[in-house]
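Engineer: Just start18.csv, nothing more (CSV, C-alpha atoms and all ligand atoms):
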```csv
chain,number,residue,atom,x,y,z
A,59,MET,CA,145.7,63.6,163.7
A,60,GLU,CA,143.1,65.8,161.9
A,61,GLN,CA,139.6,65.1,162.8
A,62,LEU,CA,137.3,63.9,160.1
A,63,SER,CA,134.0,65.7,159.8
A,64,PHE,CA,131.4,66.2,157.1
A,65,PRO,CA,131.8,69.6,155.6
A,66,SER,CA,128.9,71.9,156.1
A,67,ALA,CA,127.1,73.0,153.0
A,68,HIS,CA,129.0,76.3,153.2
A,69,GLU,CA,132.4,74.7,153.4
A,70,LEU,CA,132.7,72.6,150.3
A,71,PRO,CA,135.8,70.4,150.2
A,72,GLU,CA,138.5,70.9,147.6
A,73,ILE,CA,136.7,71.0,144.2
A,74,ASP,CA,138.1,68.8,141.6
A,75,PHE,CA,138.0,71.3,138.8
A,76,ALA,CA,138.6,68.7,136.1
A,77,THR,CA,135.4,67.0,137.1
A,78,LEU,CA,133.5,70.2,136.5
A,79,ASP,CA,134.5,70.1,132.9
A,80,LEU,CA,132.3,67.0,132.5
A,81,LEU,CA,129.1,68.8,133.6
A,82,PRO,CA,126.5,69.8,131.0
A,83,TYR,CA,126.3,73.3,132.7
A,84,GLY,CA,128.5,76.2,132.4
A,85,ILE,CA,130.4,76.7,135.6
A,86,ILE,CA,132.3,79.8,136.7
A,87,VAL,CA,133.9,80.3,140.0
A,88,VAL,CA,134.7,83.9,141.0
A,89,ASP,CA,136.2,85.5,144.1
A,90,ASP,CA,134.5,88.0,146.3
A,91,GLU,CA,135.2,90.8,143.8
A,92,GLY,CA,134.0,88.9,140.8
A,93,ARG,CA,137.4,87.9,139.4
A,94,ILE,CA,137.2,84.6,137.5
A,95,LEU,CA,139.2,81.8,139.1
A,96,TYR,CA,137.7,79.0,137.1
A,97,TYR,CA,135.7,78.6,133.8
A,98,ASN,CA,134.7,75.1,132.7
A,99,ALA,CA,134.5,73.7,129.2
A,100,ARG,CA,130.8,73.9,128.8
A,101,GLU,CA,130.9,77.6,129.6
A,102,GLU,CA,133.5,78.1,127.0
A,103,GLN,CA,131.0,76.7,124.5
A,104,ILE,CA,128.0,78.6,125.7
A,105,ALA,CA,129.8,82.0,125.8
A,106,HIS,CA,132.2,81.4,122.9
A,107,ARG,CA,135.1,82.5,125.1
A,108,ARG,CA,138.4,80.7,125.8
A,109,ARG,CA,139.3,79.9,129.3
A,110,GLU,CA,142.7,81.5,129.1
A,111,ASP,CA,141.2,84.7,127.8
A,112,VAL,CA,138.9,85.2,130.8
A,113,LEU,CA,140.8,83.8,133.8
A,114,GLY,CA,141.7,86.6,136.2
A,115,LYS,CA,139.3,89.1,134.6
A,116,ASN,CA,136.3,90.6,136.3
A,117,PHE,CA,133.3,88.5,135.3
A,118,PHE,CA,130.7,91.3,135.7
A,119,LYS,CA,132.8,94.2,134.3
A,120,GLU,CA,134.9,92.6,131.6
A,121,VAL,CA,133.4,89.3,130.6
A,122,ALA,CA,129.6,89.4,130.9
A,123,PRO,CA,128.7,93.0,130.5
A,124,CYS,CA,125.0,93.1,129.5
A,125,THR,CA,121.9,95.1,130.2
A,126,GLN,CA,120.9,93.0,133.2
A,127,VAL,CA,124.4,92.9,134.7
A,128,GLN,CA,123.2,95.3,137.5
A,129,GLU,CA,120.6,92.8,138.5
A,130,PHE,CA,123.0,89.9,138.2
A,131,TYR,CA,125.6,91.8,140.3
A,132,GLY,CA,123.0,92.5,143.0
A,133,ARG,CA,122.3,88.8,143.3
A,134,PHE,CA,125.9,88.0,143.4
A,135,GLU,CA,126.5,90.4,146.3
A,136,GLU,CA,123.5,89.0,148.1
A,137,ALA,CA,124.9,85.5,147.6
A,138,MET,CA,128.3,86.6,149.0
A,139,ARG,CA,126.7,88.2,152.1
A,140,THR,CA,124.7,85.1,153.0
A,141,ALA,CA,127.1,82.2,152.7
A,142,GLY,CA,125.5,79.2,151.0
A,143,PHE,CA,122.7,81.3,149.6
A,144,VAL,CA,121.5,80.0,146.3
A,145,ALA,CA,119.7,82.2,143.8
A,146,ASN,CA,118.1,81.0,140.6
A,147,PHE,CA,117.0,83.3,137.9
A,148,ASN,CA,116.5,83.5,134.2
A,149,PHE,CA,117.7,86.1,131.8
A,150,GLU,CA,118.5,86.8,128.2
A,151,PHE,CA,122.1,87.2,127.3
A,152,PRO,CA,123.5,88.6,124.1
A,153,PHE,CA,126.1,86.0,123.4
A,154,PRO,CA,128.3,86.7,120.4
A,155,ASP,CA,126.3,84.4,118.1
A,156,ARG,CA,122.8,85.3,119.2
A,157,LEU,CA,120.5,86.2,122.1
A,158,ARG,CA,120.1,83.2,124.3
A,159,GLU,CA,118.0,82.6,127.4
A,160,VAL,CA,120.0,81.2,130.3
A,161,GLU,CA,119.1,80.0,133.8
A,162,ILE,CA,121.6,81.1,136.4
A,163,SER,CA,122.2,79.6,139.9
A,164,LEU,CA,124.5,81.2,142.4
A,165,ALA,CA,126.0,79.5,145.4
A,166,SER,CA,128.7,81.0,147.6
A,167,PHE,CA,131.1,79.0,149.7
A,168,ARG,CA,134.3,79.3,151.7
A,169,LYS,CA,137.6,77.9,150.5
A,170,GLU,CA,140.5,78.4,152.8
A,171,ASN,CA,140.2,82.0,153.9
A,172,SER,CA,138.3,83.3,150.9
A,173,GLN,CA,134.6,83.6,150.1
A,174,LEU,CA,134.0,82.4,146.6
A,175,CYS,CA,130.9,82.1,144.4
A,176,LEU,CA,130.0,79.3,142.0
A,177,ILE,CA,127.9,80.5,139.1
A,178,SER,CA,126.2,77.8,137.1
A,179,VAL,CA,124.8,78.6,133.7
A,180,SER,CA,122.3,76.5,131.9
A,181,ASP,CA,121.2,77.3,128.3
A,182,VAL,CA,117.4,77.0,128.2
A,183,THR,CA,116.9,78.7,124.8
A,184,GLU,CA,116.0,75.5,123.0
A,185,LYS,CA,113.9,74.1,125.8
A,186,ASN,CA,111.8,77.3,125.9
A,187,LEU,CA,111.6,77.6,122.1
A,188,LEU,CA,110.3,74.0,122.0
A,189,ARG,CA,107.7,74.8,124.6
A,190,GLU,CA,106.6,77.9,122.6
A,191,HIS,CA,106.4,75.8,119.4
A,192,ILE,CA,104.2,73.3,121.1
A,193,ARG,CA,102.0,76.1,122.4
A,194,ARG,CA,101.7,77.6,119.0
A,195,ALA,CA,101.0,74.3,117.2
A,196,GLU,CA,98.2,73.6,119.7
A,197,ARG,CA,96.7,77.0,119.2
A,198,LEU,CA,96.9,76.7,115.4
A,199,ARG,CA,95.2,73.3,115.5
A,200,GLU,CA,92.4,74.8,117.5
A,201,VAL,CA,92.2,77.7,115.1
A,202,GLY,CA,92.1,75.2,112.2
A,203,GLU,CA,89.1,73.4,113.7
A,204,VAL,CA,87.2,76.6,114.2
A,205,ALA,CA,88.2,77.9,110.8
A,206,ALA,CA,86.9,74.7,109.1
A,207,GLU,CA,83.5,75.1,110.7
A,208,VAL,CA,83.4,78.8,109.8
A,209,ALA,CA,84.4,78.0,106.2
A,210,HIS,CA,81.6,75.5,105.9
A,211,SER,CA,78.9,77.9,107.1
A,212,PHE,CA,80.4,80.7,105.2
A,213,ASN,CA,80.3,78.7,102.0
A,214,ASN,CA,76.6,78.1,102.4
A,215,LEU,CA,76.0,81.8,102.7
A,216,LEU,CA,78.1,82.5,99.7
A,217,THR,CA,76.1,80.1,97.6
A,218,VAL,CA,73.0,82.1,98.6
A,219,ILE,CA,74.6,85.4,97.9
A,220,ARG,CA,76.0,84.4,94.5
A,221,GLY,CA,72.9,82.6,93.4
A,222,ASN,CA,70.7,85.6,94.2
A,223,ALA,CA,73.1,88.1,92.7
A,224,GLU,CA,73.2,86.1,89.4
A,225,LEU,CA,69.4,86.0,89.4
A,226,ALA,CA,69.1,89.7,90.2
A,227,LEU,CA,71.4,90.4,87.2
A,228,THR,CA,69.1,88.7,84.8
A,229,MET,CA,66.2,90.8,86.2
A,230,LEU,CA,67.9,94.1,85.7
A,231,ALA,CA,67.8,96.1,82.4
A,232,GLN,CA,71.1,96.5,80.7
A,233,SER,CA,71.0,100.3,81.4
A,234,ASP,CA,70.1,99.8,85.1
A,235,PRO,CA,72.8,101.5,87.3
A,236,ALA,CA,72.2,98.8,89.9
A,237,ARG,CA,74.0,96.3,87.7
A,238,GLN,CA,77.3,97.7,88.8
A,239,ARG,CA,76.4,97.2,92.4
A,240,VAL,CA,75.4,93.6,91.7
A,241,ALA,CA,78.6,93.0,89.9
A,242,LYS,CA,80.5,94.2,92.9
A,243,ILE,CA,78.5,91.8,95.1
A,244,MET,CA,79.5,89.0,92.7
A,245,LYS,CA,83.2,89.9,92.8
A,246,ALA,CA,83.1,90.0,96.6
A,247,ALA,CA,81.4,86.6,96.6
A,248,ASP,CA,84.2,85.3,94.2
A,249,ASP,CA,86.8,86.5,96.6
A,250,GLY,CA,84.9,84.9,99.5
A,251,GLU,CA,84.9,81.5,97.6
A,252,GLN,CA,88.7,81.8,97.2
A,253,ILE,CA,89.0,82.5,100.9
A,254,VAL,CA,87.0,79.4,101.7
A,255,LYS,CA,89.1,77.3,99.4
A,256,ARG,CA,92.2,78.5,101.1
A,257,ILE,CA,90.9,77.9,104.6
A,258,ARG,CA,89.9,74.4,103.7
A,259,ALA,CA,93.3,73.8,102.1
A,260,SER,CA,95.2,75.1,105.1
A,261,THR,CA,93.2,73.2,107.6
A,262,GLN,CA,93.5,70.0,105.6
A,263,HIS,CA,97.1,69.6,104.5
A,264,GLN,CA,98.7,73.1,104.5
A,265,GLU,CA,98.9,72.7,100.8
A,266,GLN,CA,98.6,75.2,98.0
A,267,PRO,CA,94.9,75.6,97.6
A,268,GLU,CA,93.5,73.9,94.5
A,269,GLY,CA,92.7,76.2,91.6
A,270,VAL,CA,94.6,79.1,93.2
A,271,GLU,CA,97.4,79.8,90.9
A,272,HIS,CA,99.9,82.5,91.1
A,273,THR,CA,100.0,85.1,88.3
A,274,ALA,CA,101.8,88.4,87.9
A,275,VAL,CA,99.7,90.9,89.8
A,276,ASP,CA,100.2,94.7,89.9
A,277,LEU,CA,100.6,95.7,93.5
A,278,ASN,CA,99.3,99.2,92.6
A,279,GLN,CA,96.1,97.8,91.2
A,280,VAL,CA,95.6,95.5,94.2
A,281,VAL,CA,96.0,98.5,96.5
A,282,LYS,CA,93.5,100.5,94.6
A,283,ASP,CA,91.0,97.7,94.5
A,284,SER,CA,91.4,97.1,98.2
A,285,ILE,CA,90.8,100.7,99.0
A,286,ALA,CA,87.6,100.6,96.9
A,287,PHE,CA,86.6,97.5,98.9
A,288,THR,CA,87.2,99.3,102.2
A,289,GLU,CA,85.2,102.4,101.4
A,290,ASP,CA,81.9,101.0,102.5
A,291,TYR,CA,83.5,99.8,105.7
A,292,ALA,CA,84.8,103.3,106.4
A,293,ARG,CA,81.4,104.8,105.6
A,294,ALA,CA,79.9,102.4,108.2
A,295,ALA,CA,82.5,103.5,110.7
A,296,GLN,CA,81.4,107.1,110.1
A,297,ASP,CA,77.7,106.3,110.5
A,298,GLU,CA,78.2,104.1,113.6
A,299,ARG,CA,80.8,106.0,115.5
A,300,GLY,CA,81.6,109.2,113.7
A,301,ALA,CA,85.0,108.3,112.4
A,302,ARG,CA,85.9,110.5,109.4
A,303,VAL,CA,88.6,108.6,107.4
A,304,ARG,CA,90.3,110.0,104.4
A,305,PHE,CA,92.3,107.7,102.1
A,306,GLU,CA,95.4,108.9,100.3
A,307,THR,CA,97.7,107.1,97.9
A,308,VAL,CA,101.3,107.7,96.9
A,309,LEU,CA,101.9,105.0,94.4
A,310,ALA,CA,105.0,104.1,92.4
A,311,GLU,CA,104.7,105.2,88.8
A,312,ASP,CA,105.8,101.8,87.4
A,313,LYS,CA,103.8,98.7,87.5
A,314,LEU,CA,104.9,96.7,90.5
A,315,SER,CA,104.6,93.0,89.4
A,316,VAL,CA,104.4,90.4,92.1
A,317,LEU,CA,103.6,86.7,91.8
A,318,ALA,CA,100.4,86.1,93.8
A,319,HIS,CA,96.8,85.4,93.6
A,320,PRO,CA,94.8,88.7,93.3
A,321,SER,CA,92.1,87.8,95.8
A,322,GLU,CA,94.6,86.7,98.4
A,323,LEU,CA,96.6,89.9,98.1
A,324,ARG,CA,93.3,91.9,98.2
A,325,GLU,CA,92.5,90.1,101.4
A,326,VAL,CA,95.9,91.1,102.9
A,327,PHE,CA,95.3,94.8,102.1
A,328,THR,CA,91.7,94.8,103.0
A,329,ASN,CA,92.6,93.4,106.4
A,330,LEU,CA,95.2,96.0,106.9
A,331,LEU,CA,93.0,98.8,105.8
A,332,ARG,CA,90.1,97.7,108.0
A,333,ASN,CA,92.4,97.6,111.0
A,334,ALA,CA,93.5,101.1,110.1
A,335,VAL,CA,89.9,102.3,109.9
A,336,ASP,CA,89.2,100.6,113.3
A,337,ALA,CA,92.1,102.5,114.8
A,338,ILE,CA,90.9,105.9,113.8
A,339,GLU,CA,88.6,107.9,116.2
A,340,GLY,CA,87.3,111.2,115.0
A,341,GLU,CA,89.2,112.5,112.0
A,342,GLY,CA,92.0,110.5,110.5
A,343,ARG,CA,94.0,109.7,107.4
A,344,ILE,CA,95.1,106.4,105.9
A,345,THR,CA,98.0,106.7,103.4
A,346,VAL,CA,99.0,103.8,101.2
A,347,ARG,CA,102.4,104.1,99.6
A,348,THR,CA,104.1,101.7,97.1
A,349,ARG,CA,107.7,101.6,96.0
A,350,THR,CA,110.5,99.3,94.9
A,351,GLU,CA,113.4,98.6,97.3
A,352,ARG,CA,116.8,97.3,96.3
A,353,GLU,CA,115.4,96.4,92.9
A,354,ARG,CA,114.2,93.0,94.0
A,355,TRP,CA,111.4,93.9,96.4
A,356,HIS,CA,108.1,95.7,96.1
A,357,VAL,CA,106.8,97.4,99.2
A,358,ALA,CA,103.3,98.5,100.0
A,359,GLU,CA,102.9,100.5,103.2
A,360,VAL,CA,99.6,101.2,105.0
A,361,GLU,CA,100.0,104.1,107.4
A,362,ASP,CA,97.2,105.4,109.7
A,363,THR,CA,96.9,108.3,112.1
A,364,GLY,CA,95.0,106.1,114.5
A,365,GLN,CA,95.5,105.2,118.1
A,366,GLY,CA,98.7,103.2,117.6
A,367,MET,CA,99.9,100.3,119.8
A,368,ASP,CA,102.1,99.8,122.7
A,369,SER,CA,104.9,97.3,122.5
A,370,GLU,CA,103.0,94.6,124.3
A,371,VAL,CA,100.2,94.6,121.7
A,372,GLN,CA,102.9,94.8,119.0
A,373,GLY,CA,104.4,91.6,120.3
A,374,LYS,CA,101.2,89.6,119.9
A,375,LEU,CA,99.8,91.1,116.7
A,376,PHE,CA,100.2,88.2,114.4
A,377,LEU,CA,99.1,85.5,116.8
A,378,PRO,CA,95.9,83.9,115.7
A,379,LEU,CA,92.9,84.9,117.9
A,380,PHE,CA,94.7,87.8,119.4
A,381,THR,CA,92.4,90.8,119.4
A,382,THR,CA,91.8,93.9,121.5
A,383,LYS,CA,88.4,94.5,120.0
A,384,GLY,CA,86.4,92.2,122.2
A,385,ALA,CA,83.4,90.6,120.5
A,386,ARG,CA,83.9,92.8,117.4
A,387,GLY,CA,87.3,91.3,116.6
A,388,THR,CA,88.3,87.9,115.4
A,389,GLY,CA,92.0,88.1,115.8
A,390,LEU,CA,92.4,86.3,112.5
A,391,GLY,CA,93.1,89.3,110.3
A,392,LEU,CA,96.8,89.8,110.8
A,393,ALA,CA,97.5,86.0,111.3
A,394,THR,CA,96.0,85.5,107.8
A,395,CYS,CA,97.9,88.4,106.3
A,396,TYR,CA,101.1,87.0,107.7
A,397,THR,CA,100.5,83.4,106.5
A,398,ILE,CA,99.7,84.6,103.0
A,399,VAL,CA,102.6,87.0,102.7
A,400,ARG,CA,105.1,84.5,104.1
A,401,ARG,CA,103.9,82.0,101.6
A,402,TYR,CA,104.8,84.5,98.8
A,403,GLY,CA,108.3,84.8,100.3
A,404,GLY,CA,107.6,88.2,101.7
A,405,ASP,CA,107.4,89.8,105.1
A,406,ILE,CA,105.3,92.3,107.1
A,407,GLN,CA,106.9,94.9,109.4
A,408,VAL,CA,105.2,97.2,111.9
A,409,LYS,CA,106.1,100.6,113.2
A,410,SER,CA,103.8,102.0,115.8
A,411,ALA,CA,103.6,103.8,119.1
A,412,LYS,CA,100.7,104.3,121.5
A,413,GLY,CA,98.9,107.4,120.4
A,414,ALA,CA,101.0,108.0,117.3
A,415,GLY,CA,99.5,105.9,114.6
A,416,SER,CA,100.8,102.7,112.9
A,417,THR,CA,102.5,101.7,109.7
A,418,PHE,CA,102.3,98.2,108.3
A,419,SER,CA,104.8,97.5,105.5
A,420,VAL,CA,104.3,94.5,103.3
A,421,THR,CA,107.4,93.5,101.3
A,422,LEU,CA,107.1,91.1,98.4
A,423,PRO,CA,109.6,89.7,96.0
A,424,ALA,CA,109.4,91.4,92.6
A,425,ALA,CA,108.2,89.1,89.8
A,426,LEU,CA,111.0,88.9,87.2
B,1,LIG,N1,96.4,99.8,112.4
B,1,LIG,C1,96.3,99.4,113.7
B,1,LIG,N2,96.3,100.3,114.7
B,1,LIG,C2,96.1,99.9,116.0
B,1,LIG,N3,96.0,98.6,116.4
B,1,LIG,C3,96.0,97.6,115.4
B,1,LIG,C4,96.1,98.0,114.0
B,1,LIG,N4,96.1,96.8,113.3
B,1,LIG,C5,96.0,95.8,114.2
B,1,LIG,N5,95.9,96.3,115.5
B,1,LIG,C6,95.8,95.5,116.7
B,1,LIG,O1,96.1,94.1,116.4
B,1,LIG,C7,95.0,93.3,116.8
B,1,LIG,C8,94.8,92.1,115.9
B,1,LIG,O2,94.4,92.5,114.6
B,1,LIG,P1,93.7,91.4,113.7
B,1,LIG,O3,94.5,90.2,113.6
B,1,LIG,O4,93.4,92.1,112.4
B,1,LIG,O5,92.4,91.1,114.5
B,1,LIG,P2,91.1,92.0,114.8
B,1,LIG,O6,91.1,93.1,113.8
B,1,LIG,O7,89.9,91.0,114.6
B,1,LIG,O8,91.2,92.4,116.2
B,1,LIG,C9,93.8,94.3,116.9
B,1,LIG,O9,92.8,93.8,117.8
B,1,LIG,C10,94.4,95.6,117.3
B,1,LIG,O10,94.6,95.6,118.7
B,2,MG,MG,91.5,93.0,111.8
```
Just give me the structure as structure tokens.

Structural biologist:
Amino acid sequence: MEQLSFPSAHELPEIDFATLDLLPYGIIVVDDEGRILYYNAREEQIAHRRREDVLGKNFFKEVAPCTQVQEFYGRFEEAMRTAGFVANFNFEFPFPDRLREVEISLASFRKENSQLCLISVSDVTEKNLLREHIRRAERLREVGEVAAEVAHSFNNLLTVIRGNAELALTMLAQSDPARQRVAKIMKAADDGEQIVKRIRASTQHQEQPEGVEHTAVDLNQVVKDSIAFTEDYARAAQDERGARVRFETVLAEDKLSVLAHPSELREVFTNLLRNAVDAIEGEGRITVRTRTERERWHVAEVEDTGQGMDSEVQGKLFLPLFTTKGARGTGLGLATCYTIVRRYGGDIQVKSAKGAGSTFSVTLPAAL
């Protein structure tokens, strides 16, 4: 009679494959060369493959070829050498429908005379996305609190600026050239008030700010105004750190109508232009181009010859509070740009490389 004994962890008893179909994990069993012996129902779902199409094929070469397959194969070999070895690792896999993050565990075991490997696959895309959403929501709430405070103090300052500018205007003769300057101050204070309104609205209910209505705005005009608004900033950059910035425009000949609020759009471009100025050391050029794409979209591009960004910075650009400028930066510029442009149904794209300048493209739906 055969002796009964508990199997060691390395010598699993006969696996009931049908049971494995009930598991919420993808399960693949391969032989020592990686040929697929078993593929469970969940794995069929995750990978969008049919069991009968993959059985007998080489898992690493024919079924799951991907950029990290080398690493995956290395782990597999390791697991096969050390019976019972279990390796856990995460990686992104380009499944036919989309990129998904999966958690893989490997366990090797002996069955009869062969060494086999059990690969379990758990799709953690949603779990990780949820975690990321929560993190962002918390961050945005914090930003909202800070922003509400800033808006309050800022509003007090604006009242003083506006009040005094109005008073100064009454004291200046009609012919006084300083009138133009004061008018500029008042226009900037107006824009400031709109910003405050918007911050308040967005920190309260994420609603459309009161009194901020969308009108047909000419993108070319907005670009020109924003450059005019940035000229003083560029002059200060020259005085303070010797940056010599030249602005150039290549604007579409036609009027490019978009539905927006002019002060919001000016804020978007002023932020992009200021960032471009900040990126330039020594001599540099900022080129703003506008054009229409596929008839329905108007595009404005801000290109600078500044220091550019590596991919790590590019990945975090639009996060609120992300800045590489230390105390001089707020990290709110691009987050604000993005919020405004998304609200208009548009998008912002970035092209950049370290040391090779940057281009920010704002795409907005054309007003019909
Ligand atoms: N044109 C640019 N060239 C190089 N880096 C840029 C450019 N625009 C933005 N950045 C990077 O993105 C970061 C975030 O920008 P932003 O949200 O405007 O905040 P801030 O300007 O206050 O730092 C900057 O700190 C900088 O590292
Ligand atoms: Mg900025």

Engineer: Return as a list in words every polymer residue, whether protein, DNA or RNA, with at least one atom no more than 8 Å from an atom of ligand MG 2 (chain B); count only C-alpha atoms and all ligand atoms.

Structural biologist: Asn329, Leu330, Arg332, Asn333, Thr381, Gly387, Thr388, Gly389, Leu390, Gly391 and Leu392 of chain A

Engineer: Just want the residues within 10 Å of ligand LIG 1 (chain B), written as a PyMOL selection string, counting only C-alpha atoms and all ligand atoms.

Structural biologist: chain A and resi 326+328-338+344+360-368+371-396+408-418

Engineer: What lies within 8 Å of Leu277 of chain A using only C-alpha atoms, ignoring chain neighbours under 3 positions off, as a list in words?

Structural biologist: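 Listing them by chain and then by number gives Val280, Val281, Lys313, Leu314, Ser315, Val316, Thr348, His356 and Ala358 of chain A.
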
Engineer: I'd like to know which of A:Val127, A:Ala76, A:Leu422, A:Val399 is closest to Arg349 of chain A, using only C-alpha atoms.

Structural biologist: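 Distance minimum relative to Arg349 of chain A lands on A:Leu422.
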
Engineer: Could you make a table, as a Markdown table, of the residues of segment 314-341 of chain A that have an atom within 6 Å of an atom of segment 290-305 of chain A, each with its nearest atom pair and distance in Å to one decimal, counting only C-alpha atoms, in chain and number order?

Structural biologist:
```
| residue | atom | partner | partner_atom | distance |
| --- | --- | --- | --- | --- |
| A:Glu339 | CA | A:Ala301 | CA | 5.2 |
| A:Gly340 | CA | A:Ala301 | CA | 4.5 |
| A:Glu341 | CA | A:Arg302 | CA | 4.7 |
```

Engineer: Taking (135.9, 77.7, 137.6) as a centre in this file's frame and 9 Å as the limit, can you find every polymer residue with an atom that close, using all atoms listed in the file, and give them as a PyMOL selection string?

Structural biologist: chain A and resi 75+78+85-88+94-98+113+176-177

Engineer: Enter the distance from atom CA of Glu224 of chain A to atom CA of Lys245 of chain A, in Å, rounded to one decimal.

Structural biologist: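 A separation of 11.2 Å between them.
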
Engineer: To one decimal place in Å, what is the distance between atom CA of Asp111 of chain A and atom CA of Leu164 of chain A?

Structural biologist: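 Distance reported for this atom pair: 22.5 Å.
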
Engineer: Rounded to one decimal in Å, what is the spacing between atom CA of Thr307 of chain A and atom CA of Val346 of chain A?

Structural biologist: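 Interatomic distance, atom CA of Thr307 of chain A to atom CA of Val346 of chain A: 4.8 Å.
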
Engineer: Considering all atoms listed in the file, return as a PyMOL selection string whatever protein or nucleic-acid residues lie within 12 Å of Thr183 of chain A, sequence-local ones (same chain, fewer than 4 positions apart) excluded.

Structural biologist: chain A and resi 104+148-153+156-161+179+187-190

Engineer: Which residue gives the smallest distance to Arg168 of chain A among A:Pro320, A:Gly250, A:Gly142, A:Gly202, with all atoms listed in the file counted?

Structural biologist: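 Nearest candidate to Arg168 of chain A out of A:Pro320, A:Gly250, A:Gly142, A:Gly202: A:Gly142.
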
Engineer: Compile the contact shell of Tyr131 of chain A as a list in words: residues with an atom at most 10 Å away, counting only C-alpha atoms, same-chain residues fewer than 4 positions apart removed.

Structural biologist: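 That gives Gly92, Phe117, Phe118, Lys119, Gln126, Val127, Glu135, Glu136 and Ala137 of chain A.
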
Engineer: Can you list, as a list in words, every protein, DNA or RNA residue that comes within 12 Å of Pro82 of chain A when you count only C-alpha atoms, leaving out same-chain residues fewer than 5 positions away?

Structural biologist: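 Non-adjacent residues within range: Thr77, Asn98, Ala99, Arg100, Glu101, Glu102, Gln103, Ile104, Ser178, Val179, Ser180, Asp181 and Val182 of chain A.
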
Engineer: Give the answer as one residue: which of A:Lys282, A:Lys169, A:Arg237, A:Arg133 has the shortest atom-to-atom distance to Arg324 of chain A, using all atoms listed in the file?

Structural biologist: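 Smallest distance to Arg324 of chain A is found for A:Lys282.
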
Engineer: Please determine, counting all atoms listed in the file, which residue among A:Arg239, A:Arg258, A:Lys185, A:Arg352 has the shortest atom-to-atom distance to Ala206 of chain A.

Structural biologist: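 Between A:Arg239, A:Arg258, A:Lys185, A:Arg352, the residue approaching Ala206 of chain A most closely is A:Arg258.
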
Engineer: Could you check which of A:Phe130, A:Arg109, A:Ser172, A:Glu91 is closest to Asp79 of chain A, using all atoms listed in the file?

Structural biologist: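 Checking each of A:Phe130, A:Arg109, A:Ser172, A:Glu91 against Asp79 of chain A, counting all atoms listed in the file, the winner is A:Arg109.
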
Engineer: If we count only C-alpha atoms and set the cut-off at 10 Å, which residues sit around Leu317 of chain A, ignoring sequence neighbours fewer than 3 positions away in its own chain? Please answer as a count of residues only.

Structural biologist: 16
